[in-house]
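data.txt, holding compact mmCIF, C-alpha atoms and all ligand atoms:
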```txt
# COMPACT_ATOMS: atom_id res chain seq x y z
CA MET A 1 -28.60 4.11 -20.29
CA ILE A 2 -30.79 1.24 -21.45
CA GLN A 3 -31.63 0.50 -17.81
CA LEU A 4 -32.89 4.06 -17.42
CA PHE A 5 -34.65 4.10 -20.77
CA ILE A 6 -36.87 1.10 -20.05
CA PRO A 7 -38.53 2.43 -16.89
CA LEU A 8 -38.91 5.90 -18.44
CA ASN A 9 -40.40 4.37 -21.53
CA PHE A 10 -42.75 2.34 -19.34
CA LEU A 11 -43.76 5.44 -17.38
CA GLY A 12 -44.48 7.19 -20.66
CA PHE A 13 -46.71 4.28 -21.64
CA VAL A 14 -48.59 4.37 -18.32
CA TYR A 15 -48.99 8.15 -18.60
CA ARG A 16 -50.40 7.85 -22.12
CA GLU A 17 -52.80 5.10 -21.06
CA ILE A 18 -54.12 7.13 -18.12
CA ARG A 19 -54.37 10.28 -20.19
CA GLU A 20 -56.21 8.46 -22.97
CA ALA A 21 -58.64 6.97 -20.45
CA LEU A 22 -59.39 10.39 -18.96
CA ILE A 23 -59.82 11.97 -22.36
CA ASN A 24 -62.18 9.18 -23.29
CA ILE A 25 -64.52 9.68 -20.36
CA GLU A 26 -64.40 13.48 -20.72
CA ARG A 27 -65.17 13.30 -24.42
CA LEU A 28 -68.18 11.17 -23.64
CA PHE A 29 -69.75 14.20 -22.10
CA GLY A 30 -68.00 17.02 -23.96
CA LEU A 31 -66.08 18.09 -20.89
CA MET A 32 -62.63 18.67 -22.34
CA ASP A 33 -60.68 21.51 -20.73
CA GLN A 34 -62.96 21.89 -17.75
CA PRO A 35 -61.73 21.67 -14.16
CA PRO A 36 -63.36 18.96 -12.02
CA ARG A 37 -65.92 20.50 -9.70
CA VAL A 38 -67.22 17.50 -7.81
CA VAL A 39 -65.55 15.87 -4.82
CA ASP A 40 -66.58 12.93 -2.65
CA ARG A 41 -68.09 13.83 0.67
CA PRO A 42 -65.89 12.80 3.66
CA GLY A 43 -66.98 9.31 4.67
CA ALA A 44 -69.10 8.81 1.51
CA GLY A 45 -70.14 5.16 1.18
CA ALA A 46 -70.55 2.99 -1.88
CA LEU A 47 -73.78 3.22 -3.85
CA VAL A 48 -76.11 0.26 -3.46
CA ALA A 49 -77.65 0.46 -6.92
CA ASP A 50 -79.87 -2.63 -6.77
CA GLY A 51 -82.21 -2.31 -9.82
CA GLY A 52 -81.01 1.27 -10.36
CA ALA A 53 -84.30 3.20 -9.98
CA ILE A 54 -83.61 6.89 -10.73
CA ARG A 55 -85.45 9.90 -9.34
CA PHE A 56 -84.86 13.56 -10.29
CA THR A 57 -86.65 15.88 -7.85
CA ASP A 58 -87.00 19.63 -8.61
CA VAL A 59 -83.54 19.74 -10.17
CA CYS A 60 -82.26 23.25 -10.96
CA PHE A 61 -78.89 23.68 -12.63
CA GLY A 62 -76.75 26.16 -14.56
CA TYR A 63 -73.17 25.77 -15.80
CA GLY A 64 -72.48 29.27 -14.46
CA PRO A 65 -74.31 31.69 -12.16
CA ASP A 66 -75.75 33.85 -14.96
CA ARG A 67 -77.76 31.28 -16.84
CA GLN A 68 -80.02 28.59 -15.45
CA ILE A 69 -80.27 25.63 -17.83
CA LEU A 70 -82.64 23.29 -15.94
CA HIS A 71 -85.70 24.54 -14.08
CA GLN A 72 -87.23 22.27 -11.42
CA VAL A 73 -86.96 19.10 -13.46
CA SER A 74 -88.69 16.12 -11.84
CA PHE A 75 -89.17 12.63 -13.24
CA GLN A 76 -88.43 9.05 -12.35
CA VAL A 77 -87.21 5.95 -14.10
CA PRO A 78 -88.47 2.85 -12.27
CA ALA A 79 -85.99 -0.05 -12.04
CA GLY A 80 -85.78 -1.89 -15.36
CA HIS A 81 -87.75 0.75 -17.31
CA LYS A 82 -86.67 2.83 -20.31
CA VAL A 83 -87.33 6.55 -20.18
CA ALA A 84 -86.50 8.72 -23.19
CA ILE A 85 -85.70 12.42 -23.06
CA VAL A 86 -86.59 14.40 -26.15
CA GLY A 87 -86.58 18.09 -27.03
CA ALA A 88 -85.06 20.64 -29.36
CA SER A 89 -81.30 21.13 -29.56
CA GLY A 90 -80.09 22.96 -26.45
CA ALA A 91 -83.13 21.95 -24.36
CA GLY A 92 -80.86 20.38 -21.72
CA LYS A 93 -81.06 16.65 -22.54
CA SER A 94 -77.33 15.86 -22.33
CA THR A 95 -77.08 18.04 -19.22
CA LEU A 96 -79.43 15.62 -17.43
CA ALA A 97 -77.10 12.74 -18.30
CA ARG A 98 -74.02 14.68 -17.11
CA LEU A 99 -75.75 15.38 -13.79
CA LEU A 100 -76.71 11.72 -13.34
CA PHE A 101 -73.06 10.78 -13.90
CA ARG A 102 -72.23 13.55 -11.40
CA PHE A 103 -69.86 15.53 -13.55
CA TYR A 104 -71.59 18.48 -11.89
CA ASP A 105 -73.71 18.85 -8.78
CA VAL A 106 -77.25 20.17 -8.99
CA ASP A 107 -77.80 23.74 -7.71
CA ARG A 108 -81.13 22.81 -6.10
CA GLY A 109 -83.18 19.64 -5.79
CA SER A 110 -81.74 16.13 -5.82
CA ILE A 111 -80.96 13.07 -7.89
CA CYS A 112 -81.37 9.70 -6.17
CA ILE A 113 -80.56 6.17 -7.26
CA HIS A 114 -82.37 3.42 -5.38
CA GLY A 115 -83.22 6.03 -2.73
CA GLN A 116 -79.65 7.33 -2.20
CA ASP A 117 -78.74 10.92 -3.05
CA ILE A 118 -75.84 10.64 -5.49
CA ARG A 119 -73.96 13.38 -3.56
CA ASP A 120 -73.76 11.01 -0.58
CA VAL A 121 -71.98 8.14 -2.38
CA THR A 122 -68.51 7.79 -3.89
CA GLN A 123 -68.12 8.82 -7.51
CA ASP A 124 -66.34 5.54 -8.27
CA SER A 125 -69.27 3.46 -7.07
CA LEU A 126 -71.76 5.71 -8.89
CA ARG A 127 -69.90 5.46 -12.19
CA ALA A 128 -69.40 1.73 -11.81
CA ALA A 129 -73.20 1.39 -11.77
CA ILE A 130 -73.74 3.32 -15.00
CA GLY A 131 -72.87 2.28 -18.54
CA VAL A 132 -72.78 4.94 -21.24
CA VAL A 133 -73.26 4.50 -24.97
CA PRO A 134 -72.19 7.92 -26.28
CA GLN A 135 -72.87 9.47 -29.68
CA ASP A 136 -69.25 9.23 -30.66
CA THR A 137 -67.11 6.54 -29.07
CA VAL A 138 -63.41 7.23 -28.73
CA LEU A 139 -61.24 4.31 -29.84
CA PHE A 140 -57.68 3.59 -28.76
CA ASN A 141 -54.92 2.72 -31.20
CA ASP A 142 -55.05 -0.89 -30.29
CA SER A 143 -56.75 -4.14 -31.29
CA ILE A 144 -60.51 -4.58 -31.57
CA ARG A 145 -60.21 -7.00 -28.62
CA TYR A 146 -58.53 -4.34 -26.43
CA ASN A 147 -61.12 -1.76 -27.45
CA ILE A 148 -64.03 -4.03 -26.52
CA ALA A 149 -62.47 -5.10 -23.22
CA TYR A 150 -61.50 -1.53 -22.32
CA GLY A 151 -62.74 -0.86 -18.79
CA CYS A 152 -62.89 -4.60 -17.96
CA PRO A 153 -59.21 -5.61 -18.11
CA GLY A 154 -59.80 -9.07 -16.63
CA ALA A 155 -62.42 -10.05 -19.26
CA THR A 156 -61.89 -13.53 -20.70
CA GLU A 157 -61.71 -14.19 -24.44
CA ALA A 158 -65.08 -15.97 -24.23
CA ALA A 159 -66.68 -12.96 -22.53
CA VAL A 160 -65.26 -10.56 -25.15
CA ARG A 161 -66.60 -12.75 -27.96
CA ARG A 162 -70.02 -13.02 -26.33
CA ALA A 163 -70.17 -9.22 -25.97
CA ALA A 164 -69.18 -8.80 -29.64
CA ARG A 165 -71.89 -11.25 -30.69
CA LEU A 166 -74.60 -9.51 -28.65
CA ALA A 167 -73.45 -6.13 -29.99
CA HIS A 168 -73.88 -7.46 -33.58
CA LEU A 169 -70.15 -7.07 -34.28
CA GLU A 170 -69.34 -10.69 -35.09
CA ASP A 171 -69.74 -10.54 -38.89
CA PHE A 172 -67.87 -7.26 -39.04
CA ILE A 173 -64.93 -8.67 -37.05
CA ALA A 174 -64.88 -11.88 -39.11
CA ARG A 175 -64.30 -9.77 -42.24
CA LEU A 176 -61.32 -7.86 -40.75
CA PRO A 177 -57.83 -8.86 -41.92
CA GLN A 178 -56.62 -9.96 -38.46
CA GLY A 179 -60.00 -10.50 -36.79
CA TYR A 180 -59.88 -9.53 -33.11
CA ASP A 181 -56.21 -8.52 -33.46
CA THR A 182 -56.89 -5.86 -36.09
CA VAL A 183 -55.65 -2.48 -34.90
CA VAL A 184 -58.28 0.27 -35.04
CA GLY A 185 -58.34 3.94 -34.08
CA GLU A 186 -56.54 7.08 -35.25
CA ARG A 187 -53.55 5.26 -36.71
CA GLY A 188 -55.32 1.97 -37.45
CA LEU A 189 -58.45 0.97 -39.30
CA LYS A 190 -61.05 3.74 -39.26
CA LEU A 191 -64.48 2.58 -38.12
CA SER A 192 -67.83 4.08 -39.13
CA GLY A 193 -70.00 5.85 -36.56
CA GLY A 194 -72.28 2.80 -36.35
CA GLU A 195 -69.39 0.36 -35.86
CA LYS A 196 -67.90 2.55 -33.12
CA GLN A 197 -71.26 2.70 -31.41
CA ARG A 198 -71.47 -1.09 -31.45
CA ILE A 199 -68.01 -1.23 -29.80
CA ALA A 200 -69.44 1.01 -27.05
CA ILE A 201 -72.40 -1.36 -26.72
CA ALA A 202 -70.05 -4.35 -26.42
CA ARG A 203 -68.13 -2.50 -23.65
CA VAL A 204 -71.36 -1.96 -21.74
CA ILE A 205 -72.31 -5.63 -22.11
CA LEU A 206 -68.97 -6.58 -20.51
CA LYS A 207 -69.34 -3.99 -17.74
CA ASP A 208 -72.90 -5.20 -17.05
CA PRO A 209 -74.14 -2.15 -15.07
CA PRO A 210 -77.72 -1.86 -13.76
CA ILE A 211 -78.12 1.62 -15.29
CA LEU A 212 -77.65 2.67 -18.87
CA ILE A 213 -77.38 6.09 -20.50
CA LEU A 214 -77.90 6.00 -24.25
CA ASP A 215 -76.95 9.14 -26.10
CA GLU A 216 -78.34 8.28 -29.47
CA ALA A 217 -76.44 9.33 -32.57
CA THR A 218 -77.60 12.52 -34.25
CA SER A 219 -76.03 11.64 -37.56
CA SER A 220 -78.16 9.43 -39.74
CA LEU A 221 -76.81 5.92 -40.09
CA ASP A 222 -77.49 3.72 -43.09
CA SER A 223 -80.45 1.41 -42.53
CA HIS A 224 -78.31 -1.74 -42.20
CA SER A 225 -76.18 -0.09 -39.51
CA GLU A 226 -79.23 1.36 -37.79
CA GLN A 227 -80.91 -2.05 -37.64
CA ALA A 228 -77.77 -3.67 -36.23
CA ILE A 229 -77.56 -0.97 -33.56
CA MET A 230 -81.22 -1.19 -32.67
CA GLY A 231 -80.83 -4.96 -32.23
CA ALA A 232 -77.74 -4.50 -30.09
CA LEU A 233 -79.39 -1.81 -27.97
CA LYS A 234 -82.38 -4.05 -27.35
CA ALA A 235 -79.99 -6.71 -26.05
CA ILE A 236 -78.46 -4.35 -23.48
CA ALA A 237 -81.45 -2.22 -22.51
CA HIS A 238 -83.54 -5.27 -21.67
CA SER A 239 -84.08 -5.33 -17.88
CA ARG A 240 -81.71 -2.40 -17.24
CA THR A 241 -82.83 1.00 -16.04
CA THR A 242 -82.31 3.11 -19.14
CA LEU A 243 -82.23 6.85 -19.75
CA ALA A 244 -82.21 7.40 -23.50
CA ILE A 245 -81.36 10.81 -24.93
CA ALA A 246 -83.10 10.83 -28.24
CA HIS A 247 -82.34 13.06 -31.16
CA ARG A 248 -84.40 11.04 -33.63
CA LEU A 249 -87.81 10.04 -32.33
CA SER A 250 -88.03 6.88 -34.44
CA THR A 251 -85.62 5.20 -32.02
CA ILE A 252 -87.65 5.70 -28.84
CA GLN A 253 -91.21 4.74 -29.72
CA ASP A 254 -90.80 1.67 -27.54
CA ALA A 255 -89.82 3.66 -24.41
CA ASP A 256 -92.01 3.06 -21.35
CA HIS A 257 -92.19 6.80 -20.82
CA ILE A 258 -91.13 9.89 -22.77
CA ILE A 259 -90.16 13.21 -21.16
CA VAL A 260 -90.32 16.30 -23.36
CA LEU A 261 -87.89 19.06 -22.34
CA ASP A 262 -88.25 22.59 -23.60
CA GLN A 263 -85.74 25.23 -22.50
CA GLY A 264 -84.83 23.19 -19.45
CA GLN A 265 -88.38 22.46 -18.30
CA VAL A 266 -90.46 19.29 -18.48
CA VAL A 267 -93.40 20.38 -20.62
CA GLU A 268 -95.02 17.06 -21.57
CA GLN A 269 -94.69 13.42 -20.62
CA GLY A 270 -96.31 10.11 -21.46
CA THR A 271 -96.05 7.26 -23.94
CA HIS A 272 -95.52 7.86 -27.66
CA ASP A 273 -99.24 7.29 -28.34
CA ASP A 274 -100.37 9.54 -25.44
CA LEU A 275 -98.15 12.35 -26.67
CA LEU A 276 -99.34 12.11 -30.28
CA ILE A 277 -102.95 12.39 -29.09
CA ARG A 278 -102.09 15.55 -27.11
CA ARG A 279 -100.99 17.29 -30.30
CA GLY A 280 -98.41 19.33 -28.38
CA ILE A 281 -94.66 19.82 -28.76
CA TYR A 282 -93.90 16.10 -29.13
CA ALA A 283 -96.50 15.67 -31.87
CA GLY A 284 -94.97 18.68 -33.64
CA LEU A 285 -91.44 17.23 -33.41
CA TRP A 286 -92.72 13.88 -34.65
CA GLU A 287 -94.46 15.40 -37.68
CA SER A 288 -91.46 17.51 -38.59
CA GLN A 289 -89.16 14.46 -38.42
CA LEU A 290 -91.57 12.46 -40.59
CA ARG A 291 -91.63 15.27 -43.16
CA HIS A 292 -87.83 15.39 -43.05
CA ALA A 293 -87.59 11.61 -43.52
CA VAL A 294 -89.72 11.55 -46.70
CA LYS A 295 -87.83 14.43 -48.35
P1 LIG B 301 -78.43 18.67 -28.36
O1 LIG B 301 -79.69 17.96 -28.77
O2 LIG B 301 -78.05 19.72 -29.38
O3 LIG B 301 -77.30 17.76 -28.01
P2 LIG B 301 -79.15 19.15 -25.56
O4 LIG B 301 -80.63 19.23 -25.35
O5 LIG B 301 -78.47 17.88 -25.19
O6 LIG B 301 -78.79 19.57 -27.04
P3 LIG B 301 -77.35 20.38 -23.65
O7 LIG B 301 -76.08 19.89 -24.25
O8 LIG B 301 -77.82 19.77 -22.40
O9 LIG B 301 -78.51 20.38 -24.75
O10 LIG B 301 -77.19 21.95 -23.43
C1 LIG B 301 -78.18 22.75 -22.79
C2 LIG B 301 -77.67 24.17 -22.76
O11 LIG B 301 -76.52 24.24 -21.91
C3 LIG B 301 -77.26 24.72 -24.12
O12 LIG B 301 -77.72 26.06 -24.22
C4 LIG B 301 -75.77 24.70 -24.08
O13 LIG B 301 -75.23 25.75 -24.81
C5 LIG B 301 -75.44 24.86 -22.61
N1 LIG B 301 -74.21 24.15 -22.24
C6 LIG B 301 -73.93 22.84 -22.48
N2 LIG B 301 -72.72 22.52 -22.00
C7 LIG B 301 -72.21 23.64 -21.43
C8 LIG B 301 -71.00 23.95 -20.75
N3 LIG B 301 -70.07 23.03 -20.55
N4 LIG B 301 -70.84 25.23 -20.32
C9 LIG B 301 -71.79 26.16 -20.52
N5 LIG B 301 -72.95 25.93 -21.14
C10 LIG B 301 -73.18 24.69 -21.60
```
Please, can you express the file's structure as structure tokens?
Ligand code: ATP
Amino acid sequence: MIQLFIPLNFLGFVYREIREALINIERLFGLMDQPPRVVDRPGAGALVADGGAIRFTDVCFGYGPDRQILHQVSFQVPAGHKVAIVGASGAGKSTLARLLFRFYDVDRGSICIHGQDIRDVTQDSLRAAIGVVPQDTVLFNDSIRYNIAYGCPGATEAAVRRAARLAHLEDFIARLPQGYDTVVGERGLKLSGGEKQRIAIARVILKDPPILILDEATSSLDSHSEQAIMGALKAIAHSRTTLAIAHRLSTIQDADHIIVLDQGQVVEQGTHDDLLIRRGIYAGLWESQLRHAVK
């Protein structure tokens, strides 16, 4: 009986691990309960990401046939640059990130990385080249160390500690009762939104991908947490090709380029200063956020 129990118990463990991993990646993009639609093309090769330059060309997309969400969206993110996407809620910002990760295929147009259409490469190689810092990171019921190293199982202790330091987590971990062995997650220590986001940043530092998607938190963080996150983000975004989905404009003033989406269309683009001078949609969003901030 015991002989049978051990392998079954082990299988249960493996099943839970795999299921948790899938849930994690699906939650990143709000895809729970949706069937996978994308398959690798026969003979698809591995992506050669190089610096990770991204180009969206005339991208049209809808989640279903009755409603088009994106209308001929074109923009590029040169290798090593940071481009921010802003716009009202429902404008289609997160949809752009989901398409880049190829959770869905575009209906028309194309998305290329370093000149390769992402439909022509394997999904594994595409996703290996992209790190995601989501709004709400899912933690496993395991140690802080496990949670940081998640996705990089062979990471050394020194690499985990370096990632924690760069993600501004060191002081926080030093104050925990069992340090790196402290169990966090649903049944362990509950972490704040800002702390969870820094865990996600540490994971990306370990993964070291050329491309980064930042889905910046909508909820307001306290200023200490916000500063720690901004510092950590600077550490990872430096020299990576970054697509930042911004809900609060204060976090993206330093972007090389800002794309303003309105109802799935690119309506303005430029630097923060260019866009303020234009006195268009971006300037309006900026003023309304400033008014909100002083209330
Ligand atoms: P927010 O700032 O509120 O996060 P957003 O600009 O990121 O918004 P998206 O999440 O890209 O907006 O959504 C764009 C539109 O697509 C919305 O109208 C939304 O309702 C719709 N949408 C998003 N996900 C799905 C889905 N899985 N199925 C159908 N429609 C969806």
Open item on the list: When you count all atoms listed in the file, which of these residues is closest to ligand LIG 301 (chain B): A:Asp142, A:Asp66, A:Asp50, A:Asp120?
Closed with: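 Of all the options, A:Asp66 lies closest to ligand LIG 301 (chain B).
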- [ ] Let me have all residues with an atom within 7 Å of ligand LIG 301 (chain B), counting only C-alpha atoms and all ligand atoms, laid out as a ChimeraX atom specification.
- [x] /A:31,63-64,69,87-96,247
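If you measure from each of A:Arg127, A:Arg108, A:Arg161, A:Arg55 to A:His71 using all atoms listed in the file, the closest one turns out to be A:Arg108.
The two atoms in question, atom CA of A:Leu275 and atom CA of A:Val83, are spaced 13.9 Å apart.
The coordinates place atom CA of A:Ile85 at 16.1 Å from atom CA of A:Ala53.
Residues lying within 10 Å of stretch 41-44 of chain A, counting only C-alpha atoms and ignoring same-chain neighbours fewer than 4 positions away, are Ile118, Arg119, Asp120, Val121, Thr122 and Gln123 of chain A.
If you measure from each of A:Gly231, A:Gly264, A:Gly151, A:Gly179 to A:Gln72 using all atoms listed in the file, the closest one turns out to be A:Gly264.
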TODO: Find the spatial neighbours of A:Glu216, counting only C-alpha atoms, within a cut-off of 7 Å - ignore same-chain residues fewer than 4 positions away - and output them as a PyMOL selection string.
DONE: chain A and resi 134-135+245-247
Open item on the list: Would you pick out the contacts of A:Ala49 at 12 Å or less, using only C-alpha atoms, so that residues sharing its chain but fewer than 5 positions from it are not included, and give the list as a ChimeraX atom specification?
Closed with: /A:54,79-80,112-118,121,125-130,209-211,240-241
How about saving the chosen residues, C-alpha atoms kept, as a PDB file, keeping the file's coordinate frame?
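What ended up in selection-v6.pdb:
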```
ATOM      1  CA  ILE A  54     -83.610   6.890 -10.730  1.00  0.00           C
ATOM      2  CA  ALA A  79     -85.990  -0.050 -12.040  1.00  0.00           C
ATOM      3  CA  GLY A  80     -85.780  -1.890 -15.360  1.00  0.00           C
ATOM      4  CA  CYS A 112     -81.370   9.700  -6.170  1.00  0.00           C
ATOM      5  CA  ILE A 113     -80.560   6.170  -7.260  1.00  0.00           C
ATOM      6  CA  HIS A 114     -82.370   3.420  -5.380  1.00  0.00           C
ATOM      7  CA  GLY A 115     -83.220   6.030  -2.730  1.00  0.00           C
ATOM      8  CA  GLN A 116     -79.650   7.330  -2.200  1.00  0.00           C
ATOM      9  CA  ASP A 117     -78.740  10.920  -3.050  1.00  0.00           C
ATOM     10  CA  ILE A 118     -75.840  10.640  -5.490  1.00  0.00           C
ATOM     11  CA  VAL A 121     -71.980   8.140  -2.380  1.00  0.00           C
ATOM     12  CA  SER A 125     -69.270   3.460  -7.070  1.00  0.00           C
ATOM     13  CA  LEU A 126     -71.760   5.710  -8.890  1.00  0.00           C
ATOM     14  CA  ARG A 127     -69.900   5.460 -12.190  1.00  0.00           C
ATOM     15  CA  ALA A 128     -69.400   1.730 -11.810  1.00  0.00           C
ATOM     16  CA  ALA A 129     -73.200   1.390 -11.770  1.00  0.00           C
ATOM     17  CA  ILE A 130     -73.740   3.320 -15.000  1.00  0.00           C
ATOM     18  CA  PRO A 209     -74.140  -2.150 -15.070  1.00  0.00           C
ATOM     19  CA  PRO A 210     -77.720  -1.860 -13.760  1.00  0.00           C
ATOM     20  CA  ILE A 211     -78.120   1.620 -15.290  1.00  0.00           C
ATOM     21  CA  ARG A 240     -81.710  -2.400 -17.240  1.00  0.00           C
ATOM     22  CA  THR A 241     -82.830   1.000 -16.040  1.00  0.00           C
TER      23      THR A 241
END
```
Task: Distance of atom CA of A:Ala149 from atom CA of A:Val132, expressed in Å to one decimal place - done: 14.5 Å
- [ ] Name all residues at most 8 Å from A:Lys196 (count only C-alpha atoms; drop same-chain ones fewer than 6 positions away) and give them as a VMD selection string.
- [x] chain A and resid 136 to 139
Task: For A:Gln197: contacts at 10 Å, only C-alpha atoms, fewer than 2 positions along chain excluded, given as a PyMOL selection string - done: chain A and resi 133-138+167+191-195+199-203+216-217+225+229+232-233
Open item on the list: Calculated over all atoms listed in the file, which of the candidates A:Gln227, A:Asn147, A:Asn141, A:Gln263 has the smallest distance to A:Glu186?
Closed with: A:Asn141
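Ranking A:Val39, A:Gly154, A:Leu99, A:Lys82 by their shortest atom-to-atom distance to A:His238, with all atoms listed in the file included, puts A:Lys82 first.
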Could you work out an axis-aligned bounding box for all listed atoms of stretch 242-260 of chain A, with 6 Å added on each of the six sides, and give its centre and edge lengths in Å to one decimal, as JSON?
```
{"center_x": -86.8, "center_y": 9.0, "center_z": -26.8, "size_x": 22.8, "size_y": 26.6, "size_z": 27.3}
```
- [ ] Determine the nearest neighbour of A:Ile205 from the options A:Gly131, A:Gly188, A:Pro153, A:Gly270, counting all atoms listed in the file.
- [x]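 When distances to A:Ile205 are compared using all atoms listed in the file, the smallest one comes from A:Gly131.
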